[in-house]
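Engineer: The following file, entry_20.cif, comprises mmCIF, C-alpha atoms:
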data_entry
#
loop_
_atom_site.label_atom_id
_atom_site.label_comp_id
_atom_site.auth_asym_id
_atom_site.auth_seq_id
_atom_site.Cartn_x
_atom_site.Cartn_y
_atom_site.Cartn_z
CA MET A 1226 10.84 10.08 24.86
CA ASN A 1227 7.40 9.40 23.45
CA VAL A 1228 7.44 9.89 19.66
CA VAL A 1229 3.81 10.31 18.63
CA ILE A 1230 2.75 9.93 15.00
CA GLY A 1231 -0.89 9.72 13.99
CA GLY A 1232 -1.88 9.46 17.65
CA THR A 1233 0.28 6.37 18.24
CA GLY A 1234 3.25 6.85 20.51
CA ILE A 1235 6.48 4.90 20.49
CA ARG A 1236 8.37 5.39 23.73
CA VAL A 1237 12.00 5.18 22.67
CA SER A 1238 14.49 4.60 25.46
CA THR A 1239 18.26 4.42 25.44
CA THR A 1240 20.83 4.61 28.19
CA ASN A 1241 23.13 6.66 25.95
CA ALA A 1242 22.44 10.33 26.67
CA ALA A 1243 24.24 11.59 23.56
CA PHE A 1244 22.21 9.31 21.29
CA GLU A 1245 19.00 10.32 23.05
CA GLU A 1246 19.83 13.92 22.23
CA VAL A 1247 20.30 12.97 18.56
CA LEU A 1248 16.84 11.36 18.58
CA ARG A 1249 15.27 14.36 20.33
CA THR A 1250 16.50 16.52 17.44
CA GLN A 1251 15.34 13.98 14.85
CA TYR A 1252 11.82 13.79 16.26
CA ALA A 1253 11.46 17.41 17.36
CA GLY A 1254 7.83 18.42 17.08
CA PHE A 1255 6.61 14.84 17.55
CA ILE A 1256 7.69 14.26 21.16
CA GLU A 1257 4.74 14.33 23.51
CA ARG A 1258 4.26 13.41 27.14
CA GLU A 1259 1.12 11.31 26.58
CA SER A 1260 -0.56 9.41 23.75
CA SER A 1261 -3.69 7.29 23.59
CA GLN A 1262 -1.78 4.24 22.32
CA SER A 1263 1.80 3.56 23.21
CA ILE A 1264 4.53 1.14 22.20
CA GLU A 1265 7.79 0.63 24.11
CA LEU A 1266 11.01 0.45 22.09
CA THR A 1267 14.36 -0.03 23.79
CA VAL A 1268 17.46 0.88 21.80
CA ASP A 1269 20.43 -1.30 22.68
CA LEU A 1270 23.53 0.32 21.21
CA THR A 1271 25.33 -2.92 20.58
CA PRO A 1272 25.79 -3.44 16.84
CA PRO A 1273 24.70 -6.80 15.42
CA ALA A 1274 27.49 -9.35 15.15
CA HIS A 1275 27.48 -9.33 11.33
CA VAL A 1276 26.83 -6.03 9.58
CA ASP A 1277 25.94 -6.00 5.89
CA PRO A 1278 25.15 -2.42 4.84
CA ASP A 1279 23.61 -3.61 1.55
CA ALA A 1280 21.25 -6.19 3.03
CA ASP A 1281 17.52 -5.79 2.38
CA ILE A 1282 15.02 -5.47 5.19
CA GLN A 1283 13.50 -8.75 6.31
CA VAL A 1284 10.43 -8.73 8.53
CA ARG A 1285 9.15 -12.07 9.79
CA ASN A 1286 6.73 -13.20 12.42
CA VAL A 1287 5.50 -16.16 14.38
CA GLY A 1288 2.17 -15.01 15.73
CA ASN A 1289 2.71 -11.72 17.55
CA HIS A 1290 6.49 -12.11 17.70
CA TRP A 1291 8.18 -10.10 14.99
CA THR A 1292 11.82 -9.98 13.99
CA MET A 1293 13.21 -7.26 11.77
CA ASP A 1294 16.63 -7.48 10.22
CA ARG A 1295 18.69 -5.28 7.99
CA GLY A 1296 22.42 -5.02 7.64
CA ASP A 1297 22.60 -2.33 10.32
CA PHE A 1298 20.12 -3.58 12.92
CA HIS A 1299 18.36 -6.54 14.44
CA ALA A 1300 15.03 -5.85 16.15
CA PHE A 1301 12.39 -7.80 17.99
CA TYR A 1302 8.83 -6.62 18.53
CA ASP A 1303 5.89 -8.23 20.33
CA SER A 1304 2.70 -6.75 18.91
CA ALA A 1305 0.62 -8.18 21.78
CA SER A 1306 2.58 -6.56 24.60
CA ARG A 1307 3.55 -3.67 22.31
CA ALA A 1308 7.18 -3.81 23.31
CA GLY A 1309 10.34 -4.22 21.30
CA VAL A 1310 14.11 -3.99 21.32
CA VAL A 1311 16.42 -2.85 18.56
CA ARG A 1312 20.09 -3.77 18.59
CA GLN A 1313 22.10 -1.33 16.50
CA SER A 1314 24.99 1.10 16.36
CA ALA A 1315 24.43 4.76 17.23
CA SER A 1316 22.73 5.53 13.93
CA ARG A 1317 19.51 7.52 13.90
CA HIS A 1318 18.65 5.92 10.54
CA SER A 1319 18.51 2.44 12.06
CA VAL A 1320 16.01 3.25 14.80
CA ASP A 1321 14.06 5.39 12.34
CA SER A 1322 13.63 2.38 10.06
CA VAL A 1323 12.42 0.24 12.95
CA ILE A 1324 9.90 2.91 13.95
CA ARG A 1325 8.59 2.99 10.36
CA ILE A 1326 8.21 -0.79 10.28
CA ILE A 1327 6.41 -0.88 13.64
CA HIS A 1328 4.01 1.82 12.44
CA SER A 1329 3.38 -0.09 9.20
CA LEU A 1330 2.47 -3.22 11.20
CA HIS A 1331 0.37 -1.25 13.68
CA LEU A 1332 -1.51 0.55 10.89
CA ALA A 1333 -2.16 -2.62 8.89
CA GLU A 1334 -4.45 -3.83 11.67
CA ARG A 1335 -6.14 -0.44 11.99
CA SER A 1336 -7.28 0.51 8.50
CA GLY A 1337 -4.23 2.56 7.72
CA PHE A 1338 -0.95 2.53 5.85
CA LEU A 1339 2.35 4.30 5.37
CA LEU A 1340 2.85 5.52 1.84
CA HIS A 1341 5.85 6.68 -0.16
CA ALA A 1342 4.27 10.07 -0.62
CA ALA A 1343 4.64 13.71 0.20
CA SER A 1344 1.57 15.19 1.85
CA VAL A 1345 0.49 18.76 2.14
CA ILE A 1346 -2.47 20.47 3.80
CA ARG A 1347 -4.07 23.24 1.83
CA ALA A 1348 -7.47 24.82 2.45
CA ASP A 1349 -8.06 22.34 5.31
CA ARG A 1350 -7.58 19.31 3.05
CA ALA A 1351 -4.61 16.97 2.81
CA PHE A 1352 -3.25 16.12 -0.63
CA LEU A 1353 -0.96 13.16 -1.11
CA PHE A 1354 1.71 12.93 -3.83
CA ALA A 1355 2.91 9.37 -4.19
CA GLY A 1356 5.80 7.91 -6.10
CA PRO A 1357 9.14 6.18 -5.74
CA SER A 1358 12.42 7.99 -5.24
CA GLY A 1359 12.95 10.49 -8.02
CA ALA A 1360 9.25 10.84 -8.86
CA GLY A 1361 9.11 14.40 -7.54
CA LYS A 1362 7.83 14.19 -3.94
CA THR A 1363 10.37 16.66 -2.64
CA THR A 1364 10.01 18.87 -5.72
CA ILE A 1365 6.24 19.19 -5.33
CA SER A 1366 6.75 19.89 -1.62
CA ARG A 1367 9.21 22.66 -2.36
CA LEU A 1368 6.79 24.20 -4.86
CA ALA A 1369 3.88 24.25 -2.40
CA PRO A 1370 2.35 27.69 -1.85
CA GLU A 1371 3.11 29.63 1.32
CA ASP A 1372 -0.28 28.90 2.83
CA ALA A 1373 0.35 25.15 2.65
CA HIS A 1374 1.40 22.96 5.59
CA LEU A 1375 3.90 20.25 4.76
CA LEU A 1376 3.12 16.96 6.54
CA THR A 1377 6.08 15.15 4.99
CA ASP A 1378 8.10 15.10 1.80
CA GLU A 1379 8.77 11.36 2.04
CA ILE A 1380 6.48 9.05 4.05
CA SER A 1381 2.81 9.80 4.56
CA TYR A 1382 0.74 8.39 7.39
CA VAL A 1383 -2.87 7.67 6.39
CA ARG A 1384 -5.61 6.20 8.53
CA LYS A 1385 -9.35 5.80 8.34
CA THR A 1386 -11.03 7.92 10.96
CA ALA A 1387 -14.81 7.83 11.48
CA ASP A 1388 -16.25 8.46 8.02
CA SER A 1389 -13.16 9.92 6.38
CA TRP A 1390 -9.46 9.34 5.76
CA THR A 1391 -6.92 11.41 7.63
CA ALA A 1392 -3.32 12.19 6.76
CA TYR A 1393 -0.98 12.98 9.66
CA GLY A 1394 2.34 14.74 9.74
CA THR A 1395 5.41 12.55 10.13
CA PRO A 1396 9.04 13.19 11.07
CA PHE A 1397 10.10 10.93 8.19
CA ALA A 1398 12.00 13.30 5.96
CA GLY A 1399 13.21 12.96 2.40
CA GLU A 1400 15.54 15.26 0.53
CA LEU A 1401 14.18 18.30 2.36
CA ALA A 1402 15.87 16.86 5.45
CA ARG A 1403 13.33 18.36 7.82
CA PRO A 1404 10.38 16.77 9.63
CA GLY A 1405 6.84 17.53 8.61
CA GLU A 1406 4.45 19.58 10.68
CA ASN A 1407 2.71 17.69 13.44
CA CYS A 1408 -0.85 18.28 12.30
CA SER A 1409 -3.51 16.43 10.30
CA ALA A 1410 -6.39 16.88 7.89
CA CYS A 1411 -8.92 14.84 5.97
CA VAL A 1412 -7.54 13.58 2.68
CA GLY A 1413 -8.86 15.49 -0.35
CA ALA A 1414 -7.12 13.60 -3.16
CA LEU A 1415 -4.13 11.47 -4.02
CA PHE A 1416 -1.83 12.12 -6.97
CA LEU A 1417 0.54 9.60 -8.48
CA LEU A 1418 3.52 11.57 -9.68
CA ARG A 1419 5.01 11.40 -13.14
CA HIS A 1420 7.52 13.73 -14.72
CA GLY A 1421 5.98 15.26 -17.81
CA ALA A 1422 6.34 17.90 -20.50
CA GLU A 1423 3.32 19.79 -19.15
CA ASN A 1424 1.13 19.97 -16.08
CA ARG A 1425 -1.62 17.42 -16.61
CA LEU A 1426 -3.99 15.60 -14.30
CA LYS A 1427 -5.74 12.44 -15.35
CA PRO A 1428 -8.30 10.63 -13.17
CA LEU A 1429 -7.33 6.99 -12.70
CA LYS A 1430 -9.68 4.04 -12.91
CA ALA A 1431 -10.13 2.53 -9.48
CA ALA A 1432 -8.49 -0.82 -10.20
CA VAL A 1433 -5.45 0.94 -11.70
CA ALA A 1434 -5.35 3.30 -8.71
CA VAL A 1435 -5.33 0.39 -6.26
CA ARG A 1436 -2.42 -1.26 -8.04
CA SER A 1437 -0.48 2.00 -8.24
CA ILE A 1438 -1.04 2.87 -4.59
CA LEU A 1439 -0.08 -0.62 -3.41
CA ARG A 1440 3.24 -0.24 -5.23
CA ASN A 1441 3.97 2.72 -2.98
CA VAL A 1442 2.76 1.34 0.34
CA LEU A 1443 5.51 0.65 2.86
CA PHE A 1444 4.92 -2.87 3.98
CA PHE A 1445 7.69 -5.36 4.47
CA ALA A 1446 6.04 -8.11 6.47
CA ASP A 1447 5.79 -11.58 5.02
CA ASP A 1448 2.35 -12.13 6.54
CA SER A 1449 -0.64 -13.00 4.36
CA VAL A 1450 -3.27 -11.86 6.87
CA LEU A 1451 -1.80 -8.38 7.26
CA THR A 1452 -1.09 -8.18 3.53
CA ARG A 1453 -4.77 -8.84 2.91
CA HIS A 1454 -5.67 -6.12 5.43
CA VAL A 1455 -3.51 -3.64 3.53
CA PHE A 1456 -5.14 -4.63 0.23
CA ASP A 1457 -8.63 -4.19 1.70
CA THR A 1458 -7.69 -0.84 3.24
CA VAL A 1459 -6.32 0.53 -0.04
CA CYS A 1460 -9.46 -0.66 -1.88
CA GLU A 1461 -11.62 1.15 0.68
CA PHE A 1462 -9.47 4.25 0.35
CA VAL A 1463 -9.89 4.29 -3.43
CA ASN A 1464 -13.63 3.91 -3.04
CA SER A 1465 -13.86 7.27 -1.31
CA ILE A 1466 -10.82 9.31 -2.36
CA ARG A 1467 -10.18 10.67 -5.85
CA VAL A 1468 -6.93 9.43 -7.39
CA PHE A 1469 -5.18 11.16 -10.28
CA GLU A 1470 -2.04 10.69 -12.29
CA LEU A 1471 -0.18 13.98 -12.14
CA SER A 1472 2.41 14.76 -14.80
CA PHE A 1473 4.13 17.99 -13.95
CA LEU A 1474 6.82 20.45 -14.75
CA PRO A 1475 8.94 21.60 -11.83
CA ASP A 1476 7.42 25.04 -11.44
CA ALA A 1477 4.82 26.48 -9.10
CA ARG A 1478 2.05 26.53 -11.72
CA VAL A 1479 1.47 22.86 -10.98
CA TRP A 1480 -0.27 23.92 -7.79
CA GLU A 1481 -2.64 26.07 -9.81
CA SER A 1482 -3.52 23.04 -11.94
CA ILE A 1483 -4.14 21.03 -8.80
CA ARG A 1484 -6.39 23.72 -7.34
CA GLU A 1485 -8.44 23.97 -10.52
CA THR A 1486 -8.89 20.21 -10.73
CA ILE A 1487 -9.88 19.80 -7.12
CA GLN A 1488 -12.41 22.60 -7.33
CA MET B 499 -25.36 -25.17 -30.80
CA GLY B 500 -22.46 -25.23 -28.34
CA ILE B 501 -18.96 -23.91 -28.85
CA ASP B 502 -16.47 -26.36 -30.30
CA PRO B 503 -13.97 -26.82 -27.49
CA GLY B 504 -11.39 -28.44 -29.71
CA ASP B 505 -8.86 -30.51 -27.77
CA ASP B 506 -8.52 -28.10 -24.87
CA PRO B 507 -9.37 -29.95 -21.65
CA VAL B 508 -9.74 -26.62 -19.81
CA THR B 509 -13.02 -26.09 -21.65
CA ASP B 510 -14.77 -28.80 -19.68
CA SER B 511 -13.14 -28.04 -16.35
CA TYR B 512 -15.03 -26.43 -13.47
CA PRO B 513 -13.09 -23.27 -12.60
CA LYS B 514 -13.29 -22.17 -8.98
CA ARG B 515 -12.03 -19.02 -7.35
CA ALA B 516 -9.31 -19.71 -4.78
CA ALA B 517 -10.62 -19.03 -1.30
CA ASN B 518 -7.47 -17.46 0.06
CA VAL B 519 -7.14 -14.57 -2.41
CA ALA B 520 -8.33 -11.01 -1.91
CA ALA B 521 -10.39 -9.46 -4.67
CA ARG B 522 -12.44 -6.34 -5.35
CA VAL B 523 -14.48 -5.35 -8.38
CA PHE B 524 -14.50 -1.70 -9.40
CA GLN B 525 -16.74 -0.60 -12.26
CA GLY B 526 -16.88 -4.12 -13.62
CA GLU B 527 -13.12 -4.74 -13.46
CA ALA B 528 -11.56 -6.88 -10.76
CA ILE B 529 -8.26 -6.50 -9.01
CA ILE B 530 -7.06 -9.65 -7.32
CA MET B 531 -4.20 -10.17 -4.93
CA ASN B 532 -2.62 -13.38 -3.79
CA PRO B 533 -1.65 -12.46 -0.20
CA ALA B 534 0.87 -15.29 -0.08
CA ASP B 535 3.23 -13.47 -2.44
CA SER B 536 1.48 -10.08 -2.92
CA THR B 537 1.11 -10.60 -6.67
CA LEU B 538 -1.62 -8.48 -8.23
CA PHE B 539 -3.85 -9.13 -11.22
CA ASN B 540 -6.01 -6.55 -12.95
CA LEU B 541 -8.81 -8.17 -14.95
CA ASN B 542 -10.75 -6.60 -17.79
CA GLU B 543 -14.54 -6.84 -17.88
CA THR B 544 -14.62 -10.15 -19.73
CA ALA B 545 -12.09 -11.78 -17.44
CA THR B 546 -13.93 -10.39 -14.44
CA ALA B 547 -17.17 -11.97 -15.63
CA ILE B 548 -15.42 -15.35 -15.84
CA TRP B 549 -13.82 -14.85 -12.45
CA LEU B 550 -17.15 -14.01 -10.81
CA ALA B 551 -18.85 -17.02 -12.42
CA ALA B 552 -16.10 -19.45 -11.38
CA ASP B 553 -18.09 -21.20 -8.65
CA GLY B 554 -16.69 -24.70 -9.07
CA LYS B 555 -20.05 -25.94 -10.31
CA THR B 556 -20.12 -24.56 -13.85
CA THR B 557 -17.87 -25.56 -16.73
CA LEU B 558 -15.79 -22.91 -18.41
CA ARG B 559 -17.61 -23.67 -21.65
CA HIS B 560 -20.96 -22.98 -20.04
CA ILE B 561 -19.70 -19.75 -18.47
CA VAL B 562 -18.49 -18.54 -21.85
CA GLU B 563 -21.73 -19.49 -23.60
CA ARG B 564 -23.94 -18.07 -20.87
CA ASP B 565 -22.08 -14.98 -19.63
CA ILE B 566 -19.49 -13.92 -22.21
CA VAL B 567 -20.73 -14.43 -25.75
CA PRO B 568 -24.13 -12.73 -25.32
CA ALA B 569 -22.91 -9.91 -23.12
CA PHE B 570 -19.73 -8.92 -24.93
CA ASP B 571 -20.72 -9.63 -28.55
CA VAL B 572 -17.61 -11.71 -29.29
CA ASP B 573 -16.92 -14.60 -31.60
CA PRO B 574 -17.69 -17.78 -29.61
CA GLU B 575 -14.56 -19.67 -30.62
CA ASP B 576 -12.31 -16.69 -29.96
CA ALA B 577 -14.01 -16.19 -26.61
CA MET B 578 -13.52 -19.85 -25.69
CA ARG B 579 -9.86 -19.79 -26.67
CA ASP B 580 -9.21 -16.57 -24.73
CA ALA B 581 -11.11 -17.88 -21.71
CA GLY B 582 -9.02 -21.05 -21.71
CA GLU B 583 -5.77 -19.09 -21.79
CA PHE B 584 -7.00 -16.79 -19.05
CA ALA B 585 -8.15 -19.66 -16.83
CA ARG B 586 -4.86 -21.49 -17.25
CA SER B 587 -2.91 -18.33 -16.47
CA LEU B 588 -4.81 -17.70 -13.23
CA ALA B 589 -4.52 -21.37 -12.29
CA GLU B 590 -0.74 -21.17 -12.70
CA HIS B 591 -0.76 -18.37 -10.10
CA SER B 592 -3.07 -20.30 -7.73
CA ILE B 593 -5.80 -17.69 -8.17
CA LEU B 594 -8.17 -20.20 -9.72
CA THR B 595 -8.41 -23.98 -9.58
CA LEU B 596 -9.52 -26.00 -12.60
CA GLN B 597 -11.50 -28.90 -11.21
CA THR B 598 -12.29 -31.99 -13.25
CA GLU B 599 -15.46 -32.60 -11.22
CA PRO B 600 -18.06 -30.08 -10.05
CA ASP B 601 -18.54 -29.17 -6.41
CA ALA B 602 -21.48 -30.87 -4.80
#
Re-express the file's structure as structure tokens.
Structural biologist:
Amino acid sequence: MNVVIGGTGIRVSTTNAAFEEVLRTQYAGFIERESSQSIELTVDLTPPAHVDPDADIQVRNVGNHWTMDRGDFHAFYDSASRAGVVRQSASRHSVDSVIRIIHSLHLAERSGFLLHAASVIRADRAFLFAGPSGAGKTTISRLAPEDAHLLTDEISYVRKTADSWTAYGTPFAGELARPGENCSACVGALFLLRHGAENRLKPLKAAVAVRSILRNVLFFADDSVLTRHVFDTVCEFVNSIRVFELSFLPDARVWESIRETIQ
Amino acid sequence: MGIDPGDDPVTDSYPKRAANVAARVFQGEAIIMNPADSTLFNLNETATAIWLAADGKTTLRHIVERDIVPAFDVDPEDAMRDAGEFARSLAEHSILTLQTEPDA
């Protein structure tokens, strides 16, 4: 099955029909026959020899050869041939993590990034709501008006396209436990979420915005060249997209505050 | 009359921006990242002025006298002391090198 996010497809193959069905459900709405760019990922359902469920992700490379390890999987990816293998148990979370890492590497070389952020299209513009777990990404998604399209409540996919920045829907779900819509729009603004005693938006100075956004970028690779690419991309993003700190109360009036500010 | 550098050897060093760091200046304030360990530094306007002037050919004392004291209306000795602390701090993080001789 070809799982296409932001125009980039990852062809996931497994010989286990039951697990393939699990993945088809997980990525429903993002499975397409063709995509302009494609990556091959073979899932080998043989668990790694030593499983440590608490181990952190480690992503290392020698040139184009990447290895990705966590307690529940071991993966290899060749970014030149765009092919990889993940060795894991029949857990959809394991392959999902590998897909996220591959996208983060792929985007780093293409003026894009994955961000811990909910994203929502409203009035033909995408609005990003970034923050760590507990910041309110799912809450703000739940509060979105009926005319809004939810791209994700957890991981946003952002890429520079022509003269603008585009946010794409992703199947990477947070507490809502449902994939985003497979659509895209130019980014209108980014909000860094804070819980507050009132709804308040404060424009952020660019240097502060860069630091805050970088804290929320998903990037695990220990590679100084790609790290520099990500830094440059976020700086470019901040040069053209308005960034606010958004303190909010968990009620729908926050969307009215957002609308008034954007207008 | 120059600024009294006291005993601080940093004053007469030639600070030089590290070549391998990534940096951008927004509205007069720099953000710098060391890609080797992803550490970030946000500099205020004064620190940014020092950072931008750190070409490896100019002493820190001259940078402070030429670029900081007139532009930011600060006490020269305070400015020199702060600049020394700042330069040492960035040098500790390999963002800046403090050369004893100027670049050719």
Engineer: Tell me, counting all atoms listed in the file, for each residue of stretch 504-552 of chain B within 12 Å of stretch 574-578 of chain B, which pair of atoms is nearest and how far apart they are in Å to one decimal, in rows ordered by chain and increasing number, as CSV.
Structural biologist:
residue,atom,partner,partner_atom,distance
B:Gly504,CA,B:Glu575,CA,9.4
B:Asp505,CA,B:Met578,CA,11.8
B:Asp506,CA,B:Met578,CA,9.7
B:Pro507,CA,B:Met578,CA,11.6
B:Val508,CA,B:Met578,CA,9.7
B:Thr509,CA,B:Met578,CA,7.5
B:Asp510,CA,B:Met578,CA,10.9
B:Thr544,CA,B:Ala577,CA,9.2
B:Ala545,CA,B:Ala577,CA,10.4
B:Ile548,CA,B:Ala577,CA,10.9
Engineer: Can you list what the PyMOL selection byres ((chain B) within 6 of (chain A)) grabs from this structure, as an MDAnalysis selection string?
Structural biologist: chainID B and resid 529 533:534
Engineer: Mind telling me what the PyMOL selection byres ((chain A and resi 1409-1419) around 7) catches here, as a PyMOL selection string?
Structural biologist: chain A and resi 1346+1349-1356+1360-1361+1389-1394+1408+1420-1421+1466-1473
Engineer: Which polymer residues have any atom within 9 Å of an atom of B:Gly526, counting all atoms listed in the file, with same-chain residues fewer than 6 positions away left out, as a list in words?
Structural biologist: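 Selected residues are Asn542, Glu543, Thr544, Thr546 and Ala547 of chain B.
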Engineer: Go ahead and write the selection's residues with C-alpha atoms as a CSV table (one decimal), keeping the file's coordinate frame.
Structural biologist:
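Once written, again_36.csv looks like this:
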chain,number,residue,atom,x,y,z
B,542,ASN,CA,-10.8,-6.6,-17.8
B,543,GLU,CA,-14.5,-6.8,-17.9
B,544,THR,CA,-14.6,-10.2,-19.7
B,546,THR,CA,-13.9,-10.4,-14.4
B,547,ALA,CA,-17.2,-12.0,-15.6
Engineer: Atom CA of A:Phe1298 and atom CA of A:Thr1271 are how many Å apart?
Structural biologist: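 Atom CA of A:Phe1298 sits 9.3 Å away from atom CA of A:Thr1271.
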Engineer: Evaluate the PyMOL selection byres ((chain A and resi 1363) around 12) and record the selected residues as an MDAnalysis selection string, following the chain and residue labels used in the document.
Structural biologist: chainID A and resid 1341:1345 1353:1362 1364:1369 1375:1380 1398:1403 1405 1418 1475
Engineer: Can you spit out the residues from that selection as a short mmCIF file (atom, residue, chain, number, x, y, z; two decimals), in the frame of the given file, using C-alpha atoms?
Structural biologist:
data_model
loop_
_atom_site.label_atom_id
_atom_site.label_comp_id
_atom_site.auth_asym_id
_atom_site.auth_seq_id
_atom_site.Cartn_x
_atom_site.Cartn_y
_atom_site.Cartn_z
CA HIS A 1341 5.85 6.68 -0.16
CA ALA A 1342 4.27 10.07 -0.62
CA ALA A 1343 4.64 13.71 0.20
CA SER A 1344 1.57 15.19 1.85
CA VAL A 1345 0.49 18.76 2.14
CA LEU A 1353 -0.96 13.16 -1.11
CA PHE A 1354 1.71 12.93 -3.83
CA ALA A 1355 2.91 9.37 -4.19
CA GLY A 1356 5.80 7.91 -6.10
CA PRO A 1357 9.14 6.18 -5.74
CA SER A 1358 12.42 7.99 -5.24
CA GLY A 1359 12.95 10.49 -8.02
CA ALA A 1360 9.25 10.84 -8.86
CA GLY A 1361 9.11 14.40 -7.54
CA LYS A 1362 7.83 14.19 -3.94
CA THR A 1364 10.01 18.87 -5.72
CA ILE A 1365 6.24 19.19 -5.33
CA SER A 1366 6.75 19.89 -1.62
CA ARG A 1367 9.21 22.66 -2.36
CA LEU A 1368 6.79 24.20 -4.86
CA ALA A 1369 3.88 24.25 -2.40
CA LEU A 1375 3.90 20.25 4.76
CA LEU A 1376 3.12 16.96 6.54
CA THR A 1377 6.08 15.15 4.99
CA ASP A 1378 8.10 15.10 1.80
CA GLU A 1379 8.77 11.36 2.04
CA ILE A 1380 6.48 9.05 4.05
CA ALA A 1398 12.00 13.30 5.96
CA GLY A 1399 13.21 12.96 2.40
CA GLU A 1400 15.54 15.26 0.53
CA LEU A 1401 14.18 18.30 2.36
CA ALA A 1402 15.87 16.86 5.45
CA ARG A 1403 13.33 18.36 7.82
CA GLY A 1405 6.84 17.53 8.61
CA LEU A 1418 3.52 11.57 -9.68
CA PRO A 1475 8.94 21.60 -11.83
#
Engineer: Quick one, how far is atom CA of A:Asp1476 from atom CA of A:Glu1406?
Structural biologist: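 Interatomic distance here is 23.0 Å.
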Engineer: Go through A:Glu1481, A:Ser1261, A:Met1293, A:Leu1270 and flag the residue nearest A:Ala1242, using all atoms listed in the file for the distances.
Structural biologist: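 For A:Ala1242, the nearest of the candidates is A:Leu1270.
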Engineer: Quick one, how far is atom CA of A:Ser1314 from atom CA of A:Ile1326?
Structural biologist: 17.9 Å
Engineer: Given only C-alpha atoms as the basis, pick out the residue of A:Ala1446, A:Leu1330, A:Val1323, A:Val1459 nearest to A:Val1268.
Structural biologist: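 Smallest distance to A:Val1268 is found for A:Val1323.
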Engineer: For stretch 546-552 of chain B, I'd like the enclosing box, axis-aligned and padded by 8 Å on every side, reported as lines of an AutoDock Vina configuration file with centre and edge lengths in Å to one decimal.
Structural biologist:
center_x = -16.3
center_y = -14.9
center_z = -13.3
size_x = 21.0
size_y = 25.1
size_z = 21.0
Engineer: Taking into account all atoms listed in the file, which residue in the set A:Ala1333, A:Val1383, A:Ala1434, A:Val1287 is nearest to A:Gly1231?
Structural biologist: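 Looking at the shortest contact to A:Gly1231, the residue is A:Val1383.
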Engineer: Taking all atoms listed in the file into account, which of B:Ala516, B:Ala569, B:Met531, B:Val562 comes nearest B:Gln597?
Structural biologist: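 When distances to B:Gln597 are compared using all atoms listed in the file, the smallest one comes from B:Ala516.
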